[in-house]
Amino acid sequence: MKIKRIAIVGAGTAGWLAANHLGSELSADQDVEITVIESKDVPTIGVGEGTVPYIMNSLKRFGISEAELLYSCDTTFKQGIKFVNWLDSGSRGDNFYYHPFDVPYPSGFDVSPYWVAHGGKRPFDDVGIQARICELGLAPKRKSSGEYEGALTYAYHFNALKFAQLLAKNAQKRFNVTHQFATVVGAKKAENGDITHLITKDDTELVFDFYVDCSGFSSILIDKELKVPFVSKADELLTDSVLVQQVPLKDEDELPPYTTATAHSAGWIWDIPLTTRRGTGFVYSSRHMSDEQALSEYADYLGVEQGTISPRKLPMEIGYREAFWSQNCVALGLAQGFVEPLEATSILVTDFSAELLARNFPRNTSDIEALIPHYNKVVTYVWERVVDFIKLHYCISDREDSQFWLDNRKEDTFSDELKQRLTKFKVSTPKQSDFFSKFDLFNDKNFLYVLYGMEFKTKAISISAKEIEHCSMLLQSNDNLVKTAADELLSHKSWLLGLKAAMSPNG
């Protein structure tokens with residue numbers, strides 16, 4: 001039977017990303033109808049506000065104007081993450097390093113062996129220029145840069161609710177996606193286990209051929225109906241709670257062109273600048289810090305009295321589904337799994353998984369059985385490696401100020417793959433060949449910045465005088481570029497204000 005009617009249950013970022021990916025891929029087939037079903041009873045989580053450059057490919061494929069994204073979603077540029085105090089402060093005091101988006105290979109050359117042997121006191125992120133561009137507060141684009149083009153690689157911070165609205169508008173207008181309000185509470189299934197009907201709160205039955213579960217933590221279809229088990233990763237990633245608070249911006253506040261991730265004694269704090277406010281979240285392990293202490297430390301970070309804030313508390317069940325595609329249903333977004341948003345993982349994995357589904361979408365029900373194993377194998381690999389990369393930030397830290405950081409260094413909290421990689425990286429710097437799967441969403445470039453930003457020790461090797469001279473010249477070239485950067489690039493805030501003035505109806 002041909003698959004004609006597709007239901008996407010849930011209308012947050014995941015649901016509308018799925019609608020755009022499927023709409024784009026299936027637009028040539030006039031028989032296909034895509035319906036996004038939104039519940040008025042279920043609030044959107046709305047805290048996934050940071051992205052990585054991968055999102056650009058999707059936005060361009062969807063036909064979304066970058067200018068509209070920047071103007072309508074309170075968007076700022078993100079050039080990476082500034083990690084503050086992830087190392088012991090005893091001998092260093094306050095410390096930070098960057099995981100920027102520029103490639104750590106100046107002019108395509110791997111300088112990491114040189115840095116390990118001769119880096120001295122220079123931070124590793126000096127192998128590029130973007131970390132220093134961030135410290136200068138400069139935008140990644142020139143005034144003359146075209147859409148989705150810049151002098152430096154970048155992604156975005158945005159208001160998640162407004163971003164979902166932009167995706168919704170595009171999916172309905174460009175791909176004829178239908179939007180329906182209903183609260184799905186269950187489903188009917190055939191004898192073979194396929195879902196045949198959705199059951200709504202008012203006992204209406206909605207019939208479709210294929211279902212995409214984007215119902216968030218409730219996981220209405222993949223969990224409650226199809227009973228796919230959840231694989232917990234709580235023994236690897238120890239944080240399980242987050243407090244979320246939005247902070248208004250003052251006119252005089254600067255707009256950092258990066259996300260800030262500040263470590264504390266039992267987790268970390270995200271700080272994401274939008275044009276209208278800051279989105280902040282206090283991530284912690286309830287096994288290592290009480291809710292009261294978390295609230296107190298959060299207030300201290302924000303510089304306010306504890307009684308003046310009332311953050312939302314969200315539980316974090318770290319892990320993913322044993323299968324993401326079961327029968328005629330695929331789970332995406334929070335219904336698929338969750339890992340703390342340390343490296344903008346939520347939207348990244350959702351975008352990747354939705355694209356993978358669209359590119360492998362069954363045109364007939366008889367195709368489903370052949371497609372399921374590959375999809376589940378790929379997405380499982382993605383989740384495993386994402387968990388490893390998040391764990392990396394904790395397990396190589398030398399902080400000893402609390403049991404949380406000590407527990408994170410226990411090897412029984414590492415996956416076997418991460419153990420093997422770290423063992424190798426002690427004797428050889430990460431190389432592209434260490435990440436032989438194209439489904440490693442975080443690869444050698446990402447590992448290099450985190451490992452050496454956190455002063456990981458790799459055995460130095462001898463390199464030739466010619467290579468030493470070449471590496472030194474490349475780093476000096478970076479220094480020269482940084483010196484002239486302010487002549488080439490506007491401040492981040494000035495660039496965004498200029499766009500706002502240009503696009504304003506009264507501009």
# chains A, B, ... in the order shown; residues from 1 in each chain; ligands from 1
call {"tool": "select_by_dssp", "arguments": {"residues": "segment 92-131 of chain A", "states": "strand (DSSP E or B)", "output": "MDAnalysis selection string"}}
result
chainID A and resid 96:100
call {"tool": "residues_around", "arguments": {"residues": "segment 441-446 of chain A", "least_positions_apart": "5", "cutoff": "10 Å", "atoms": "only C-alpha atoms", "output": "JSON, numbers by chain"}}
result
{"A": [54, 99, 100, 101, 102, 103, 104, 105, 343, 345, 348, 349, 352, 381, 382, 383, 385, 386, 388, 389, 390, 429, 430, 431, 432, 433, 434, 435, 436, 451]}
call {"tool": "write_last_selection", "arguments": {"atoms": "N, CA and C atoms", "output": "mmCIF file, in the first residue's frame"}}
result
data_model
loop_
_atom_site.group_PDB
_atom_site.id
_atom_site.type_symbol
_atom_site.label_atom_id
_atom_site.label_comp_id
_atom_site.auth_asym_id
_atom_site.auth_seq_id
_atom_site.Cartn_x
_atom_site.Cartn_y
_atom_site.Cartn_z
ATOM 1 N N TYR A 54 25.532 22.797 11.244
ATOM 2 C CA TYR A 54 24.770 21.791 10.493
ATOM 3 C C TYR A 54 23.387 22.307 10.116
ATOM 4 N N HIS A 99 35.484 26.266 22.379
ATOM 5 C CA HIS A 99 35.261 25.300 21.306
ATOM 6 C C HIS A 99 34.583 26.084 20.178
ATOM 7 N N PRO A 100 35.389 26.676 19.295
ATOM 8 C CA PRO A 100 34.839 27.490 18.213
ATOM 9 C C PRO A 100 34.480 26.621 17.008
ATOM 10 N N PHE A 101 33.861 27.248 16.008
ATOM 11 C CA PHE A 101 33.439 26.511 14.825
ATOM 12 C C PHE A 101 34.491 26.488 13.715
ATOM 13 N N ASP A 102 35.522 27.331 13.806
ATOM 14 C CA ASP A 102 36.515 27.275 12.727
ATOM 15 C C ASP A 102 37.349 25.999 12.854
ATOM 16 N N VAL A 103 37.851 25.523 11.748
ATOM 17 C CA VAL A 103 38.594 24.271 11.699
ATOM 18 C C VAL A 103 39.976 24.477 12.339
ATOM 19 N N PRO A 104 40.404 23.562 13.208
ATOM 20 C CA PRO A 104 41.702 23.747 13.887
ATOM 21 C C PRO A 104 42.895 23.337 13.030
ATOM 22 N N TYR A 105 42.773 23.537 11.733
ATOM 23 C CA TYR A 105 43.843 23.225 10.794
ATOM 24 C C TYR A 105 44.120 24.461 9.949
ATOM 25 N N GLU A 343 26.490 20.785 24.057
ATOM 26 C CA GLU A 343 27.045 21.142 22.742
ATOM 27 C C GLU A 343 25.917 21.337 21.722
ATOM 28 N N THR A 345 23.153 19.809 21.448
ATOM 29 C CA THR A 345 22.915 18.468 20.923
ATOM 30 C C THR A 345 21.471 18.219 20.509
ATOM 31 N N LEU A 348 20.605 19.476 16.983
ATOM 32 C CA LEU A 348 21.502 18.798 16.058
ATOM 33 C C LEU A 348 21.028 17.377 15.769
ATOM 34 N N VAL A 349 20.776 16.591 16.818
ATOM 35 C CA VAL A 349 20.372 15.198 16.617
ATOM 36 C C VAL A 349 18.991 15.127 15.986
ATOM 37 N N PHE A 352 19.430 16.023 12.262
ATOM 38 C CA PHE A 352 20.068 14.908 11.569
ATOM 39 C C PHE A 352 19.083 13.752 11.381
ATOM 40 N N TYR A 381 24.112 4.708 16.706
ATOM 41 C CA TYR A 381 25.518 5.093 16.675
ATOM 42 C C TYR A 381 25.668 6.581 16.974
ATOM 43 N N VAL A 382 24.816 7.399 16.386
ATOM 44 C CA VAL A 382 24.870 8.846 16.630
ATOM 45 C C VAL A 382 24.697 9.144 18.113
ATOM 46 N N TRP A 383 23.698 8.542 18.736
ATOM 47 C CA TRP A 383 23.448 8.807 20.155
ATOM 48 C C TRP A 383 24.624 8.345 21.027
ATOM 49 N N ARG A 385 27.783 8.092 20.287
ATOM 50 C CA ARG A 385 28.948 8.967 20.137
ATOM 51 C C ARG A 385 28.672 10.360 20.704
ATOM 52 N N VAL A 386 27.446 10.830 20.630
ATOM 53 C CA VAL A 386 27.107 12.115 21.248
ATOM 54 C C VAL A 386 27.274 12.026 22.764
ATOM 55 N N ASP A 388 29.268 10.066 24.347
ATOM 56 C CA ASP A 388 30.715 10.048 24.581
ATOM 57 C C ASP A 388 31.301 11.453 24.565
ATOM 58 N N PHE A 389 30.885 12.256 23.579
ATOM 59 C CA PHE A 389 31.482 13.589 23.450
ATOM 60 C C PHE A 389 31.091 14.493 24.614
ATOM 61 N N ILE A 390 29.855 14.384 25.068
ATOM 62 C CA ILE A 390 29.459 15.167 26.244
ATOM 63 C C ILE A 390 30.237 14.692 27.469
ATOM 64 N N THR A 429 47.828 12.583 18.682
ATOM 65 C CA THR A 429 46.761 13.578 18.605
ATOM 66 C C THR A 429 45.619 13.075 17.721
ATOM 67 N N PRO A 430 44.378 13.486 17.989
ATOM 68 C CA PRO A 430 43.248 13.044 17.158
ATOM 69 C C PRO A 430 43.445 13.393 15.687
ATOM 70 N N LYS A 431 43.058 12.444 14.843
ATOM 71 C CA LYS A 431 43.149 12.634 13.400
ATOM 72 C C LYS A 431 41.828 12.238 12.769
ATOM 73 N N GLN A 432 41.612 12.705 11.566
ATOM 74 C CA GLN A 432 40.357 12.398 10.877
ATOM 75 C C GLN A 432 40.144 10.892 10.771
ATOM 76 N N SER A 433 41.217 10.139 10.606
ATOM 77 C CA SER A 433 41.101 8.688 10.460
ATOM 78 C C SER A 433 40.625 7.987 11.731
ATOM 79 N N ASP A 434 40.674 8.681 12.868
ATOM 80 C CA ASP A 434 40.153 8.110 14.112
ATOM 81 C C ASP A 434 38.626 8.117 14.132
ATOM 82 N N PHE A 435 38.030 8.875 13.240
ATOM 83 C CA PHE A 435 36.581 9.033 13.200
ATOM 84 C C PHE A 435 36.120 8.618 11.807
ATOM 85 N N PHE A 436 36.130 7.296 11.600
ATOM 86 C CA PHE A 436 35.958 6.768 10.246
ATOM 87 C C PHE A 436 34.503 6.721 9.805
ATOM 88 N N LEU A 451 39.853 18.504 24.047
ATOM 89 C CA LEU A 451 40.989 17.846 24.710
ATOM 90 C C LEU A 451 42.055 18.846 25.127
#
call {"tool": "closest_residue", "arguments": {"among": "A:Phe158, A:Phe62, A:Phe404, A:Tyr98", "to": "Arg277 of chain A", "atoms": "only C-alpha atoms"}}
result
A:Phe158
call {"tool": "select_by_dssp", "arguments": {"residues": "segment 85-221 of chain A", "states": "alpha helix (DSSP H)", "output": "count of residues only"}}
result
30
call {"tool": "residues_around", "arguments": {"residues": "Leu406 of chain A", "least_positions_apart": "4", "cutoff": "12 Å", "atoms": "only C-alpha atoms", "output": "PDB file with N, CA and C atoms, in the first residue's frame"}}
result
ATOM      1  N   ASP A  88      40.377  22.923  37.200  1.00  0.00           N
ATOM      2  CA  ASP A  88      40.605  23.300  38.590  1.00  0.00           C
ATOM      3  C   ASP A  88      41.090  24.749  38.679  1.00  0.00           C
ATOM      4  N   LEU A 238      25.997  12.238  34.648  1.00  0.00           N
ATOM      5  CA  LEU A 238      25.459  12.208  36.009  1.00  0.00           C
ATOM      6  C   LEU A 238      24.450  13.306  36.300  1.00  0.00           C
ATOM      7  N   SER A 265      30.052  23.265  40.961  1.00  0.00           N
ATOM      8  CA  SER A 265      30.503  22.093  41.708  1.00  0.00           C
ATOM      9  C   SER A 265      29.742  20.813  41.382  1.00  0.00           C
ATOM     10  N   ALA A 266      28.568  20.929  40.754  1.00  0.00           N
ATOM     11  CA  ALA A 266      27.800  19.717  40.446  1.00  0.00           C
ATOM     12  C   ALA A 266      27.173  19.775  39.060  1.00  0.00           C
ATOM     13  N   HIS A 288      24.320  15.046  43.875  1.00  0.00           N
ATOM     14  CA  HIS A 288      25.481  15.765  44.384  1.00  0.00           C
ATOM     15  C   HIS A 288      25.152  17.171  44.863  1.00  0.00           C
ATOM     16  N   TYR A 394      33.534  16.195  30.982  1.00  0.00           N
ATOM     17  CA  TYR A 394      33.588  15.945  32.424  1.00  0.00           C
ATOM     18  C   TYR A 394      34.786  15.075  32.811  1.00  0.00           C
ATOM     19  N   CYS A 395      35.010  14.020  32.036  1.00  0.00           N
ATOM     20  CA  CYS A 395      35.926  12.985  32.525  1.00  0.00           C
ATOM     21  C   CYS A 395      37.388  13.377  32.411  1.00  0.00           C
ATOM     22  N   ILE A 396      37.715  14.404  31.609  1.00  0.00           N
ATOM     23  CA  ILE A 396      39.122  14.826  31.553  1.00  0.00           C
ATOM     24  C   ILE A 396      39.370  16.094  32.374  1.00  0.00           C
ATOM     25  N   SER A 397      38.368  16.566  33.065  1.00  0.00           N
ATOM     26  CA  SER A 397      38.572  17.721  33.935  1.00  0.00           C
ATOM     27  C   SER A 397      39.425  17.330  35.136  1.00  0.00           C
ATOM     28  N   ASP A 398      40.261  18.262  35.582  1.00  0.00           N
ATOM     29  CA  ASP A 398      41.073  17.993  36.777  1.00  0.00           C
ATOM     30  C   ASP A 398      40.480  18.638  38.027  1.00  0.00           C
ATOM     31  N   ARG A 399      39.207  19.058  37.953  1.00  0.00           N
ATOM     32  CA  ARG A 399      38.566  19.631  39.143  1.00  0.00           C
ATOM     33  C   ARG A 399      38.451  18.573  40.232  1.00  0.00           C
ATOM     34  N   GLU A 400      38.732  18.980  41.461  1.00  0.00           N
ATOM     35  CA  GLU A 400      38.651  18.074  42.600  1.00  0.00           C
ATOM     36  C   GLU A 400      37.878  18.701  43.747  1.00  0.00           C
ATOM     37  N   ASP A 401      37.078  19.717  43.436  1.00  0.00           N
ATOM     38  CA  ASP A 401      36.419  20.470  44.503  1.00  0.00           C
ATOM     39  C   ASP A 401      35.121  19.832  44.972  1.00  0.00           C
ATOM     40  N   SER A 402      34.692  18.769  44.329  1.00  0.00           N
ATOM     41  CA  SER A 402      33.451  18.129  44.774  1.00  0.00           C
ATOM     42  C   SER A 402      33.445  16.677  44.319  1.00  0.00           C
ATOM     43  N   LYS A 410      35.623   8.382  37.184  1.00  0.00           N
ATOM     44  CA  LYS A 410      35.665   6.936  37.398  1.00  0.00           C
ATOM     45  C   LYS A 410      35.455   6.221  36.076  1.00  0.00           C
ATOM     46  N   GLU A 411      36.334   5.297  35.769  1.00  0.00           N
ATOM     47  CA  GLU A 411      36.315   4.685  34.445  1.00  0.00           C
ATOM     48  C   GLU A 411      35.077   3.845  34.184  1.00  0.00           C
ATOM     49  N   THR A 413      32.268   4.872  34.412  1.00  0.00           N
ATOM     50  CA  THR A 413      31.269   5.772  33.837  1.00  0.00           C
ATOM     51  C   THR A 413      31.611   6.134  32.391  1.00  0.00           C
TER      52      THR A 413
END
call {"tool": "closest_residue", "arguments": {"among": "A:Phe83, A:Tyr97, A:Phe210, A:Phe338", "to": "Arg363 of chain A", "atoms": "only C-alpha atoms"}}
result
A:Phe210
call {"tool": "closest_residue", "arguments": {"among": "A:Leu87, A:Asn170, A:Gly80, A:Gly281", "to": "Leu59 of chain A", "atoms": "only C-alpha atoms"}}
result
A:Asn170
call {"tool": "closest_residue", "arguments": {"among": "A:Gln165, A:Thr260, A:Ser462, A:Thr200", "to": "Val116 of chain A", "atoms": "only C-alpha atoms"}}
result
A:Ser462
call {"tool": "residues_around", "arguments": {"residues": "segment 473-479 of chain A", "least_positions_apart": "2", "cutoff": "9 Å", "atoms": "only C-alpha atoms", "output": "list in words"}}
result
Pro106, Ser107, Phe109, Val111, Asp126, Val127, Gly128, Ile129, Ile468, Glu469, His470, Cys471, Leu481, Val482 and Lys483 of chain A
call {"tool": "write_last_selection", "arguments": {"atoms": "C-alpha atoms", "output": "compact mmCIF listing (two decimals), in the first residue's frame"}}
result
# COMPACT_ATOMS: atom_id res chain seq x y z
CA PRO A 106 45.22 26.59 9.62
CA SER A 107 45.48 26.55 5.82
CA PHE A 109 47.61 21.91 8.00
CA VAL A 111 49.51 21.84 13.74
CA ASP A 126 44.95 29.97 18.93
CA VAL A 127 45.35 27.42 16.13
CA GLY A 128 42.43 29.37 14.64
CA ILE A 129 41.27 32.95 14.98
CA ILE A 468 58.29 23.69 13.24
CA GLU A 469 58.99 26.72 11.09
CA HIS A 470 55.86 26.16 9.01
CA CYS A 471 53.60 25.80 12.06
CA LEU A 481 44.57 38.35 11.03
CA VAL A 482 43.30 38.97 14.56
CA LYS A 483 45.10 42.35 14.69
call {"tool": "closest_residue", "arguments": {"among": "A:Ser58, A:Ser65, A:Thr350, A:Thr178", "to": "Val36 of chain A", "atoms": "only C-alpha atoms"}}
result
A:Thr178
